[in-house]
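Following: one structure in structure tokens, then a few remarks.
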Amino acid sequence: MKNANIAILIDMSEMDNIILNYAKRLDESHHFNSIHLVHFVEVTEFPKEILEMYPDLDQPIENMIAEEIEEYKNDCLPHCQEKIKIHVHGGGEMESFLEWMDEQSFDLVIIGKKSGSHGSGIFSGKMVRLLSNNTLFVTEMARGDIHKIMVPIDFSNYTQKVLKLAKTSANLINAELVPVHALKMSLQYYPFVKNKEELEKMLEKEVEKKFEKLKQKTGISESCLIVNAGDQHISKAIYDQAIFQSIDLIILGNKGKADDSDLLIGSVAERMIAHDRNIPVLIVNK
Amino acid sequence: MKNRYFDIHGPVFWPATILIVLFIAITLIVGEPMAEIFSNTQNAISGNFGWLFIIAVNFFFIFSLYIGFGKYGNIRLGGDDAEKEFSTPAWFAMLFSAGMGIGILFWGVAEPVFHYMNPPFGEGGTLESAEKAMNLTFLHWGFHAWGIYALVGLSLAFFAFNRKQPLTIRSVFLPLLGKRVNGPVGNIIDVFAVLATLFGLATSLGLGVKQISGGLHHVFGTPNTVTMQVLLIIGITLIATISVVTGIKKGVRFLSEWNLRIAAILLLIVLIVGPTLFIFKSFIQNIGNYLNEILMVSTWTEAYRDRGWQGSWTVFYWAWWISWSPFVGMFIARVSKGRTIREFIFGVLLVPSLITFLWLTAFGGSAIWLDLKGVVPGLGERIIADESTALFVFFENFPLANIASVIGILLVMSFFVTSSDSGSLVIDSITAGGKLDAPVGQRIFWANTEGAVAAVLLVGGGLTALQTAAVTTGLPFLIILLVMIYSLNKGLKSEMARTIYLSKSEDKKSYEKKIAGMIAKRLIKKETKK
């Protein structure tokens, strides 16, 4: 994603520092074309109590927010002043904010994700479902330097695109690419193949064969890691593996093979960004 | 191309125009033998693909019920805050007159009597065949027909108003094709839509002008020839052009409201001077019969005893409605912003169907009654002798026959103008990349092209040619519609998910607190700076 136009969603919390630093590190390798610092004002108007508390307020709150972001910018991103734009979207209308975001057609949207508290994720959860951009979730624990990128692969029609994108990113930042596939034993084989290990081997071979083809198409050289999901959800198997491998970033498509259109994001993507998961995730939109 | 008089989407406009010109040229050059080619084509398509039309149209109807009365019913076209542009009576008027105006005047008397005299099964001219005749006619003009329109209209409206896509057929394929809707696949879809619309419309215009010519002949004794018909097309197209220039809100609304008023007057005349009691009684009974036998009649495919009846009736109608569907669909989409999906399906399926049923009962039903009861012996024979004069032969049996006939002729003319007007608006917006207010010059071009195609079809083979045009362009478009349903369903599904997610409320209190904290911090900072 070289020369990309990116947006960073600023939420006026302590997360802002973390994501701005993260973005700064990304910018060093990716040389973004422009960086938009965006804040969405979630309320239509501020309640009287708040306004009465500050009688000497001499400007609209939107302007104050913009000024505050301006300061962030000076603190965190002093080297790339000229390509930074600030946008505070007032009015509290989510629809109009989404429309504005769509018009800008950013290549990447960076969102902070606080782990722990359940309620704070509503806004970011909405964003990843309702925006058509690629979204990067940066967690509190995120380190700016990325050494290992994991790409879960399900051989759906998104896979190729995701893998290519992951490859380019990995090359840019000299990171190691770890493609991973989670095996799920299907019951359809049950009566015919009794030996479980035999079946597992068979499935593994099949995956390797499919991955060979993918390798040729995408030109990557890494081999695919196969994990057995057993009775768990595949997202759990993938995540555990990511922790085990100390992965710094997971890149995956917004929908997988089995996901229907009434879901705005797939089940794996949804679980990867759940509030108790701590690895940054880049969700690539179709 | 940014020009005041010309604003087209080349990859759709040019292929469509070239194909149409090619068609006109070939028909004119080949001449006489073309009539046989038309007839063979029609037989081949309805013989081999008739079953596909039958099953698909049933599916359309059921699917439209599913989206109208299922969980998607509450989605409002244009978003929750969209406002209705037209009052409900004006909306009904526009739905009805854009949908079936000419057809129902042409076939209203002729079709029931045809089925009554030559039923597909059983003996003609009997009590049974009379009831069956109404049943079959209701099938062809009823819920199934409007189901097709409702579906296409809804798809277009949904993607245009809720997804902010251009109002063209290709937009409906967005969930399937993604960005590729703007590429070659999208262009091909739109070219098919233009051809289907144009030929479907030309079929109607051709029928309309045949009837006008037949009516004039019947009342004033003017020659009823192809030359006369072509001259009439030229004249009426000129009037349509004027209507186009005045713009949709003024021109079409004025005419379509008057269409409905005049049609209502005509219907009233028949209700009063005709067999009033019989009409009302049979209206109810016919609807009951229709509802009772809808499953049987709508799935009948002549599988066991094939007399080739269905090809020239049911299959022709289904193909005709399908080839009309981009036109009617786009028009009803255009006027339906601000209505919920339930309102839309209910309005489009039920209201026009019921009005059509009353019309068919009053006209065709009365004609059958006159023949069956022996009030006017031989009426049936005279009506089916020439379907273009059927209406006027029917009027003969009532007082003020000539006045009624003249009103009838004027009404067909007016329907011709509104159809041609709204048809060219639709084709124009497809070939201009979905713009709703493209330059007037183009619409005049399309209004004239429709007239030209109708004239060429009449010269090339009369009624058969008209039917072939509808059936031929209907088939490819049927496939497009089937895919469209899948796409619409996908779109509605994700719209539902979106709405649900959008309505999840954020924690506003904590947001306000956060911002208040920020303000306090800034104010303190300012103070210390001072």
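So you can find residues: chains in the structure tokens are A, B, ... in the order shown, residues in each start at 1, and ligands are numbered from 1 in order.
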If you run DSSP on the backbone, which residues of stretch 160-235 of chain B are helix (DSSP H, G or I), as a PDB file with N, CA and C atoms, in the first residue's frame?
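Okay, part07.pdb is ready:
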```
ATOM      1  N   ALA B 160     -31.328   2.508  -6.744  1.00  0.00           N
ATOM      2  CA  ALA B 160     -31.167   3.919  -7.090  1.00  0.00           C
ATOM      3  C   ALA B 160     -31.301   4.797  -5.853  1.00  0.00           C
ATOM      4  N   PHE B 161     -32.313   4.539  -5.031  1.00  0.00           N
ATOM      5  CA  PHE B 161     -32.592   5.462  -3.930  1.00  0.00           C
ATOM      6  C   PHE B 161     -31.865   5.090  -2.642  1.00  0.00           C
ATOM      7  N   ASN B 162     -31.734   3.802  -2.359  1.00  0.00           N
ATOM      8  CA  ASN B 162     -31.097   3.415  -1.100  1.00  0.00           C
ATOM      9  C   ASN B 162     -29.599   3.232  -1.245  1.00  0.00           C
ATOM     10  N   ILE B 169     -30.607  -0.561 -15.341  1.00  0.00           N
ATOM     11  CA  ILE B 169     -30.748  -1.971 -14.985  1.00  0.00           C
ATOM     12  C   ILE B 169     -29.446  -2.524 -14.393  1.00  0.00           C
ATOM     13  N   ARG B 170     -28.330  -2.059 -14.904  1.00  0.00           N
ATOM     14  CA  ARG B 170     -27.062  -2.640 -14.454  1.00  0.00           C
ATOM     15  C   ARG B 170     -26.827  -2.417 -12.960  1.00  0.00           C
ATOM     16  N   SER B 171     -27.366  -1.332 -12.433  1.00  0.00           N
ATOM     17  CA  SER B 171     -27.134  -1.017 -11.019  1.00  0.00           C
ATOM     18  C   SER B 171     -27.614  -2.132 -10.107  1.00  0.00           C
ATOM     19  N   VAL B 172     -28.639  -2.857 -10.577  1.00  0.00           N
ATOM     20  CA  VAL B 172     -29.216  -3.913  -9.751  1.00  0.00           C
ATOM     21  C   VAL B 172     -28.200  -5.040  -9.528  1.00  0.00           C
ATOM     22  N   PHE B 173     -27.196  -5.109 -10.380  1.00  0.00           N
ATOM     23  CA  PHE B 173     -26.241  -6.213 -10.282  1.00  0.00           C
ATOM     24  C   PHE B 173     -25.035  -5.868  -9.413  1.00  0.00           C
ATOM     25  N   LEU B 174     -25.125  -4.752  -8.736  1.00  0.00           N
ATOM     26  CA  LEU B 174     -24.017  -4.307  -7.894  1.00  0.00           C
ATOM     27  C   LEU B 174     -23.550  -5.355  -6.873  1.00  0.00           C
ATOM     28  N   PRO B 175     -24.464  -5.997  -6.130  1.00  0.00           N
ATOM     29  CA  PRO B 175     -23.983  -6.970  -5.140  1.00  0.00           C
ATOM     30  C   PRO B 175     -23.268  -8.156  -5.772  1.00  0.00           C
ATOM     31  N   LEU B 176     -23.588  -8.449  -7.031  1.00  0.00           N
ATOM     32  CA  LEU B 176     -22.961  -9.591  -7.686  1.00  0.00           C
ATOM     33  C   LEU B 176     -21.668  -9.206  -8.380  1.00  0.00           C
ATOM     34  N   LEU B 177     -21.695  -8.074  -9.064  1.00  0.00           N
ATOM     35  CA  LEU B 177     -20.569  -7.728  -9.922  1.00  0.00           C
ATOM     36  C   LEU B 177     -19.598  -6.758  -9.257  1.00  0.00           C
ATOM     37  N   GLY B 178     -20.032  -6.101  -8.222  1.00  0.00           N
ATOM     38  CA  GLY B 178     -19.173  -5.113  -7.583  1.00  0.00           C
ATOM     39  C   GLY B 178     -18.844  -3.992  -8.554  1.00  0.00           C
ATOM     40  N   LYS B 179     -17.557  -3.639  -8.617  1.00  0.00           N
ATOM     41  CA  LYS B 179     -17.168  -2.518  -9.484  1.00  0.00           C
ATOM     42  C   LYS B 179     -17.325  -2.847 -10.958  1.00  0.00           C
ATOM     43  N   ARG B 180     -17.455  -4.144 -11.250  1.00  0.00           N
ATOM     44  CA  ARG B 180     -17.553  -4.515 -12.669  1.00  0.00           C
ATOM     45  C   ARG B 180     -18.872  -4.072 -13.315  1.00  0.00           C
ATOM     46  N   VAL B 181     -19.849  -3.613 -12.515  1.00  0.00           N
ATOM     47  CA  VAL B 181     -21.084  -3.134 -13.148  1.00  0.00           C
ATOM     48  C   VAL B 181     -20.810  -1.970 -14.074  1.00  0.00           C
ATOM     49  N   ASN B 182     -19.704  -1.289 -13.838  1.00  0.00           N
ATOM     50  CA  ASN B 182     -19.402  -0.163 -14.715  1.00  0.00           C
ATOM     51  C   ASN B 182     -18.589  -0.581 -15.934  1.00  0.00           C
ATOM     52  N   PRO B 184     -17.708  -3.763 -19.084  1.00  0.00           N
ATOM     53  CA  PRO B 184     -18.389  -4.341 -20.245  1.00  0.00           C
ATOM     54  C   PRO B 184     -19.638  -5.148 -19.884  1.00  0.00           C
ATOM     55  N   VAL B 185     -19.591  -5.915 -18.775  1.00  0.00           N
ATOM     56  CA  VAL B 185     -20.748  -6.731 -18.414  1.00  0.00           C
ATOM     57  C   VAL B 185     -21.963  -5.828 -18.189  1.00  0.00           C
ATOM     58  N   GLY B 186     -21.724  -4.747 -17.463  1.00  0.00           N
ATOM     59  CA  GLY B 186     -22.790  -3.788 -17.206  1.00  0.00           C
ATOM     60  C   GLY B 186     -23.322  -3.191 -18.493  1.00  0.00           C
ATOM     61  N   ASN B 187     -22.412  -2.885 -19.408  1.00  0.00           N
ATOM     62  CA  ASN B 187     -22.852  -2.315 -20.686  1.00  0.00           C
ATOM     63  C   ASN B 187     -23.735  -3.287 -21.446  1.00  0.00           C
ATOM     64  N   ILE B 188     -23.333  -4.573 -21.432  1.00  0.00           N
ATOM     65  CA  ILE B 188     -24.122  -5.570 -22.157  1.00  0.00           C
ATOM     66  C   ILE B 188     -25.518  -5.673 -21.547  1.00  0.00           C
ATOM     67  N   ILE B 189     -25.579  -5.691 -20.219  1.00  0.00           N
ATOM     68  CA  ILE B 189     -26.881  -5.752 -19.552  1.00  0.00           C
ATOM     69  C   ILE B 189     -27.748  -4.576 -19.983  1.00  0.00           C
ATOM     70  N   ASP B 190     -27.157  -3.402 -19.997  1.00  0.00           N
ATOM     71  CA  ASP B 190     -27.925  -2.219 -20.361  1.00  0.00           C
ATOM     72  C   ASP B 190     -28.358  -2.228 -21.819  1.00  0.00           C
ATOM     73  N   VAL B 191     -27.486  -2.757 -22.696  1.00  0.00           N
ATOM     74  CA  VAL B 191     -27.877  -2.835 -24.103  1.00  0.00           C
ATOM     75  C   VAL B 191     -29.098  -3.746 -24.241  1.00  0.00           C
ATOM     76  N   PHE B 192     -29.081  -4.886 -23.531  1.00  0.00           N
ATOM     77  CA  PHE B 192     -30.243  -5.780 -23.570  1.00  0.00           C
ATOM     78  C   PHE B 192     -31.484  -5.080 -23.029  1.00  0.00           C
ATOM     79  N   ALA B 193     -31.291  -4.311 -21.975  1.00  0.00           N
ATOM     80  CA  ALA B 193     -32.426  -3.595 -21.401  1.00  0.00           C
ATOM     81  C   ALA B 193     -33.014  -2.617 -22.409  1.00  0.00           C
ATOM     82  N   VAL B 194     -32.137  -1.933 -23.129  1.00  0.00           N
ATOM     83  CA  VAL B 194     -32.616  -0.969 -24.125  1.00  0.00           C
ATOM     84  C   VAL B 194     -33.384  -1.690 -25.221  1.00  0.00           C
ATOM     85  N   LEU B 195     -32.798  -2.807 -25.706  1.00  0.00           N
ATOM     86  CA  LEU B 195     -33.467  -3.526 -26.796  1.00  0.00           C
ATOM     87  C   LEU B 195     -34.814  -4.074 -26.337  1.00  0.00           C
ATOM     88  N   ALA B 196     -34.835  -4.678 -25.145  1.00  0.00           N
ATOM     89  CA  ALA B 196     -36.089  -5.228 -24.641  1.00  0.00           C
ATOM     90  C   ALA B 196     -37.134  -4.128 -24.518  1.00  0.00           C
ATOM     91  N   THR B 197     -36.731  -3.020 -23.920  1.00  0.00           N
ATOM     92  CA  THR B 197     -37.672  -1.916 -23.743  1.00  0.00           C
ATOM     93  C   THR B 197     -38.202  -1.420 -25.074  1.00  0.00           C
ATOM     94  N   LEU B 198     -37.259  -1.219 -25.987  1.00  0.00           N
ATOM     95  CA  LEU B 198     -37.655  -0.634 -27.252  1.00  0.00           C
ATOM     96  C   LEU B 198     -38.606  -1.537 -28.027  1.00  0.00           C
ATOM     97  N   PHE B 199     -38.292  -2.832 -28.060  1.00  0.00           N
ATOM     98  CA  PHE B 199     -39.150  -3.723 -28.837  1.00  0.00           C
ATOM     99  C   PHE B 199     -40.469  -4.011 -28.111  1.00  0.00           C
ATOM    100  N   GLY B 200     -40.401  -4.108 -26.790  1.00  0.00           N
ATOM    101  CA  GLY B 200     -41.633  -4.283 -26.035  1.00  0.00           C
ATOM    102  C   GLY B 200     -42.567  -3.099 -26.244  1.00  0.00           C
ATOM    103  N   LEU B 201     -41.966  -1.928 -26.224  1.00  0.00           N
ATOM    104  CA  LEU B 201     -42.732  -0.709 -26.415  1.00  0.00           C
ATOM    105  C   LEU B 201     -43.280  -0.636 -27.834  1.00  0.00           C
ATOM    106  N   ALA B 202     -42.418  -0.998 -28.788  1.00  0.00           N
ATOM    107  CA  ALA B 202     -42.850  -0.968 -30.182  1.00  0.00           C
ATOM    108  C   ALA B 202     -44.029  -1.900 -30.388  1.00  0.00           C
ATOM    109  N   THR B 203     -44.029  -3.046 -29.684  1.00  0.00           N
ATOM    110  CA  THR B 203     -45.166  -3.959 -29.775  1.00  0.00           C
ATOM    111  C   THR B 203     -46.450  -3.248 -29.349  1.00  0.00           C
ATOM    112  N   SER B 204     -46.376  -2.552 -28.232  1.00  0.00           N
ATOM    113  CA  SER B 204     -47.557  -1.827 -27.746  1.00  0.00           C
ATOM    114  C   SER B 204     -47.978  -0.737 -28.714  1.00  0.00           C
ATOM    115  N   LEU B 205     -47.001   0.022 -29.163  1.00  0.00           N
ATOM    116  CA  LEU B 205     -47.323   1.114 -30.066  1.00  0.00           C
ATOM    117  C   LEU B 205     -47.932   0.570 -31.350  1.00  0.00           C
ATOM    118  N   GLY B 206     -47.364  -0.544 -31.821  1.00  0.00           N
ATOM    119  CA  GLY B 206     -47.897  -1.171 -33.033  1.00  0.00           C
ATOM    120  C   GLY B 206     -49.337  -1.602 -32.839  1.00  0.00           C
ATOM    121  N   LEU B 207     -49.605  -2.250 -31.715  1.00  0.00           N
ATOM    122  CA  LEU B 207     -50.982  -2.669 -31.424  1.00  0.00           C
ATOM    123  C   LEU B 207     -51.892  -1.449 -31.347  1.00  0.00           C
ATOM    124  N   GLY B 208     -51.396  -0.409 -30.669  1.00  0.00           N
ATOM    125  CA  GLY B 208     -52.195   0.792 -30.486  1.00  0.00           C
ATOM    126  C   GLY B 208     -52.575   1.409 -31.814  1.00  0.00           C
ATOM    127  N   VAL B 209     -51.608   1.504 -32.694  1.00  0.00           N
ATOM    128  CA  VAL B 209     -51.882   2.181 -33.954  1.00  0.00           C
ATOM    129  C   VAL B 209     -52.772   1.313 -34.848  1.00  0.00           C
ATOM    130  N   LYS B 210     -52.635  -0.003 -34.734  1.00  0.00           N
ATOM    131  CA  LYS B 210     -53.555  -0.889 -35.468  1.00  0.00           C
ATOM    132  C   LYS B 210     -54.985  -0.625 -35.027  1.00  0.00           C
ATOM    133  N   GLN B 211     -55.125  -0.432 -33.704  1.00  0.00           N
ATOM    134  CA  GLN B 211     -56.469  -0.222 -33.184  1.00  0.00           C
ATOM    135  C   GLN B 211     -57.025   1.141 -33.596  1.00  0.00           C
ATOM    136  N   ILE B 212     -56.162   2.146 -33.561  1.00  0.00           N
ATOM    137  CA  ILE B 212     -56.611   3.481 -33.975  1.00  0.00           C
ATOM    138  C   ILE B 212     -57.072   3.429 -35.422  1.00  0.00           C
ATOM    139  N   SER B 213     -56.238   2.797 -36.243  1.00  0.00           N
ATOM    140  CA  SER B 213     -56.572   2.696 -37.663  1.00  0.00           C
ATOM    141  C   SER B 213     -57.863   1.913 -37.859  1.00  0.00           C
ATOM    142  N   GLY B 214     -57.993   0.800 -37.112  1.00  0.00           N
ATOM    143  CA  GLY B 214     -59.216   0.009 -37.209  1.00  0.00           C
ATOM    144  C   GLY B 214     -60.423   0.803 -36.754  1.00  0.00           C
ATOM    145  N   GLY B 215     -60.254   1.569 -35.685  1.00  0.00           N
ATOM    146  CA  GLY B 215     -61.348   2.370 -35.154  1.00  0.00           C
ATOM    147  C   GLY B 215     -61.782   3.453 -36.117  1.00  0.00           C
ATOM    148  N   LEU B 216     -60.812   4.142 -36.700  1.00  0.00           N
ATOM    149  CA  LEU B 216     -61.136   5.196 -37.652  1.00  0.00           C
ATOM    150  C   LEU B 216     -61.877   4.605 -38.850  1.00  0.00           C
ATOM    151  N   HIS B 217     -61.417   3.436 -39.266  1.00  0.00           N
ATOM    152  CA  HIS B 217     -62.061   2.751 -40.379  1.00  0.00           C
ATOM    153  C   HIS B 217     -63.505   2.416 -40.017  1.00  0.00           C
ATOM    154  N   HIS B 218     -63.679   1.942 -38.804  1.00  0.00           N
ATOM    155  CA  HIS B 218     -64.985   1.500 -38.361  1.00  0.00           C
ATOM    156  C   HIS B 218     -65.965   2.661 -38.236  1.00  0.00           C
ATOM    157  N   VAL B 219     -65.474   3.787 -37.724  1.00  0.00           N
ATOM    158  CA  VAL B 219     -66.366   4.926 -37.491  1.00  0.00           C
ATOM    159  C   VAL B 219     -66.484   5.814 -38.720  1.00  0.00           C
ATOM    160  N   PHE B 220     -65.339   6.131 -39.328  1.00  0.00           N
ATOM    161  CA  PHE B 220     -65.349   7.115 -40.418  1.00  0.00           C
ATOM    162  C   PHE B 220     -65.129   6.495 -41.790  1.00  0.00           C
ATOM    163  N   VAL B 226     -51.710  -0.579 -43.990  1.00  0.00           N
ATOM    164  CA  VAL B 226     -50.422  -0.361 -43.333  1.00  0.00           C
ATOM    165  C   VAL B 226     -49.958   1.083 -43.546  1.00  0.00           C
ATOM    166  N   THR B 227     -50.200   1.628 -44.743  1.00  0.00           N
ATOM    167  CA  THR B 227     -49.792   3.013 -45.010  1.00  0.00           C
ATOM    168  C   THR B 227     -50.454   3.958 -44.024  1.00  0.00           C
ATOM    169  N   MET B 228     -51.761   3.747 -43.846  1.00  0.00           N
ATOM    170  CA  MET B 228     -52.504   4.578 -42.902  1.00  0.00           C
ATOM    171  C   MET B 228     -51.882   4.477 -41.511  1.00  0.00           C
ATOM    172  N   GLN B 229     -51.538   3.235 -41.135  1.00  0.00           N
ATOM    173  CA  GLN B 229     -50.983   3.019 -39.802  1.00  0.00           C
ATOM    174  C   GLN B 229     -49.652   3.744 -39.634  1.00  0.00           C
ATOM    175  N   VAL B 230     -48.818   3.669 -40.684  1.00  0.00           N
ATOM    176  CA  VAL B 230     -47.521   4.338 -40.609  1.00  0.00           C
ATOM    177  C   VAL B 230     -47.715   5.853 -40.489  1.00  0.00           C
ATOM    178  N   LEU B 231     -48.657   6.385 -41.269  1.00  0.00           N
ATOM    179  CA  LEU B 231     -48.923   7.825 -41.190  1.00  0.00           C
ATOM    180  C   LEU B 231     -49.380   8.209 -39.782  1.00  0.00           C
ATOM    181  N   LEU B 232     -50.229   7.354 -39.214  1.00  0.00           N
ATOM    182  CA  LEU B 232     -50.702   7.622 -37.849  1.00  0.00           C
ATOM    183  C   LEU B 232     -49.539   7.635 -36.855  1.00  0.00           C
ATOM    184  N   ILE B 233     -48.618   6.656 -37.030  1.00  0.00           N
ATOM    185  CA  ILE B 233     -47.458   6.623 -36.125  1.00  0.00           C
ATOM    186  C   ILE B 233     -46.697   7.934 -36.197  1.00  0.00           C
ATOM    187  N   ILE B 234     -46.490   8.415 -37.430  1.00  0.00           N
ATOM    188  CA  ILE B 234     -45.744   9.663 -37.595  1.00  0.00           C
ATOM    189  C   ILE B 234     -46.462  10.806 -36.873  1.00  0.00           C
ATOM    190  N   GLY B 235     -47.761  10.888 -37.087  1.00  0.00           N
ATOM    191  CA  GLY B 235     -48.532  11.969 -36.471  1.00  0.00           C
ATOM    192  C   GLY B 235     -48.483  11.921 -34.956  1.00  0.00           C
TER     193      GLY B 235
END
```
Residue nearest chain A among B:Val245, B:Ala516, B:Ile524, B:Leu478 (counting only C-alpha atoms) =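 Looking at the shortest contact to chain A, the residue is B:Ala516.
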So which bits of stretch 169-240 of chain A end up strand (DSSP E or B) when you DSSP the backbone, as a CSV table (one decimal) with N, CA and C atoms, in the first residue's frame?
```csv
chain,number,residue,atom,x,y,z
A,176,GLU,N,8.2,-11.1,8.0
A,176,GLU,CA,8.1,-12.5,7.6
A,176,GLU,C,6.6,-12.8,7.4
A,177,LEU,N,6.3,-13.5,6.3
A,177,LEU,CA,4.9,-13.7,6.0
A,177,LEU,C,4.5,-15.2,6.4
A,178,VAL,N,3.5,-15.3,7.2
A,178,VAL,CA,3.1,-16.7,7.7
A,178,VAL,C,1.6,-17.0,7.2
A,179,PRO,N,1.5,-17.6,6.1
A,179,PRO,CA,0.2,-18.1,5.7
A,179,PRO,C,-0.3,-19.2,6.5
A,180,VAL,N,-1.5,-19.2,7.0
A,180,VAL,CA,-2.0,-20.3,7.8
A,180,VAL,C,-3.4,-20.8,7.4
A,181,HIS,N,-3.6,-22.1,7.5
A,181,HIS,CA,-4.9,-22.6,7.1
A,181,HIS,C,-5.4,-23.4,8.3
A,182,ALA,N,-6.6,-23.2,8.7
A,182,ALA,CA,-7.1,-24.0,9.8
A,182,ALA,C,-8.0,-25.1,9.3
A,183,LEU,N,-7.6,-26.3,9.7
A,183,LEU,CA,-8.4,-27.5,9.2
A,183,LEU,C,-9.6,-27.7,10.0
A,225,LEU,N,1.2,-22.9,6.7
A,225,LEU,CA,1.1,-23.6,8.0
A,225,LEU,C,-0.3,-24.1,8.2
A,226,ILE,N,-0.4,-25.4,8.6
A,226,ILE,CA,-1.7,-26.0,8.7
A,226,ILE,C,-2.0,-26.3,10.2
A,227,VAL,N,-3.0,-25.7,10.7
A,227,VAL,CA,-3.4,-26.0,12.1
A,227,VAL,C,-4.7,-26.7,12.2
A,228,ASN,N,-4.8,-27.6,13.1
A,228,ASN,CA,-6.1,-28.4,13.2
A,228,ASN,C,-7.0,-27.7,14.2
```
Closest of A:Ile243, A:Ile153, A:Leu77, A:Leu131 to A:Glu95 - atom-to-atom distances counting only C-alpha atoms = A:Leu131
Find the residues in chain B near chain A: any atom within 7 Å counts, using only C-alpha atoms. Write them as a PDB file with N, CA and C atoms, in the first residue's frame.
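Below is the file that was written, selection04.pdb:
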```
ATOM      1  N   LYS B 490     -29.711 -10.370  -2.264  1.00  0.00           N
ATOM      2  CA  LYS B 490     -28.442 -10.114  -1.605  1.00  0.00           C
ATOM      3  C   LYS B 490     -28.378  -8.666  -1.100  1.00  0.00           C
ATOM      4  N   LYS B 493     -30.669  -8.134   1.874  1.00  0.00           N
ATOM      5  CA  LYS B 493     -30.113  -8.774   3.055  1.00  0.00           C
ATOM      6  C   LYS B 493     -29.087  -7.871   3.719  1.00  0.00           C
ATOM      7  N   SER B 494     -28.160  -7.349   2.914  1.00  0.00           N
ATOM      8  CA  SER B 494     -27.117  -6.553   3.544  1.00  0.00           C
ATOM      9  C   SER B 494     -27.670  -5.206   3.995  1.00  0.00           C
ATOM     10  N   ALA B 497     -28.993  -5.882   7.424  1.00  0.00           N
ATOM     11  CA  ALA B 497     -27.900  -5.983   8.383  1.00  0.00           C
ATOM     12  C   ALA B 497     -27.348  -4.607   8.700  1.00  0.00           C
ATOM     13  N   ARG B 498     -27.271  -3.783   7.674  1.00  0.00           N
ATOM     14  CA  ARG B 498     -26.757  -2.427   7.833  1.00  0.00           C
ATOM     15  C   ARG B 498     -27.657  -1.611   8.755  1.00  0.00           C
ATOM     16  N   TYR B 501     -27.320  -2.643  12.268  1.00  0.00           N
ATOM     17  CA  TYR B 501     -26.075  -2.186  12.859  1.00  0.00           C
ATOM     18  C   TYR B 501     -26.061  -0.690  13.088  1.00  0.00           C
ATOM     19  N   GLU B 506     -24.529   4.213  20.294  1.00  0.00           N
ATOM     20  CA  GLU B 506     -23.255   4.344  20.987  1.00  0.00           C
ATOM     21  C   GLU B 506     -23.518   4.797  22.420  1.00  0.00           C
ATOM     22  N   LYS B 508     -23.460   7.470  24.377  1.00  0.00           N
ATOM     23  CA  LYS B 508     -23.327   8.919  24.179  1.00  0.00           C
ATOM     24  C   LYS B 508     -22.819   9.616  25.427  1.00  0.00           C
ATOM     25  N   ALA B 516     -16.122  16.752  27.184  1.00  0.00           N
ATOM     26  CA  ALA B 516     -16.120  17.763  28.245  1.00  0.00           C
ATOM     27  C   ALA B 516     -14.746  17.841  28.899  1.00  0.00           C
TER      28      ALA B 516
END
```
With only C-alpha atoms as the basis for distance, which of B:Gly70, B:Glu131, B:Asp386, B:Leu22 is at the shortest distance from B:Leu463?
->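 For B:Leu463, the nearest of the candidates is B:Asp386.
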Could you work out how far atom CA of B:Leu425 lies from atom CA of B:Arg443, giving the answer in Å with one decimal?
->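 Separation between atom CA of B:Arg443 and atom CA of B:Leu425: 6.0 Å.
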Could you give me, as a list in words, the residues within 7 Å of B:Ala438, counting only C-alpha atoms and dropping anything in the same chain fewer than 6 positions from it?
-> Asp7, Ser429 and Ala432 of chain B
Find, counting only C-alpha atoms, the residue in A:Cys80, A:Val128, A:Val138, A:Leu163 that gets nearest to A:Ile283.
->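 With only C-alpha atoms as the atom set, the closest residue is A:Val128.
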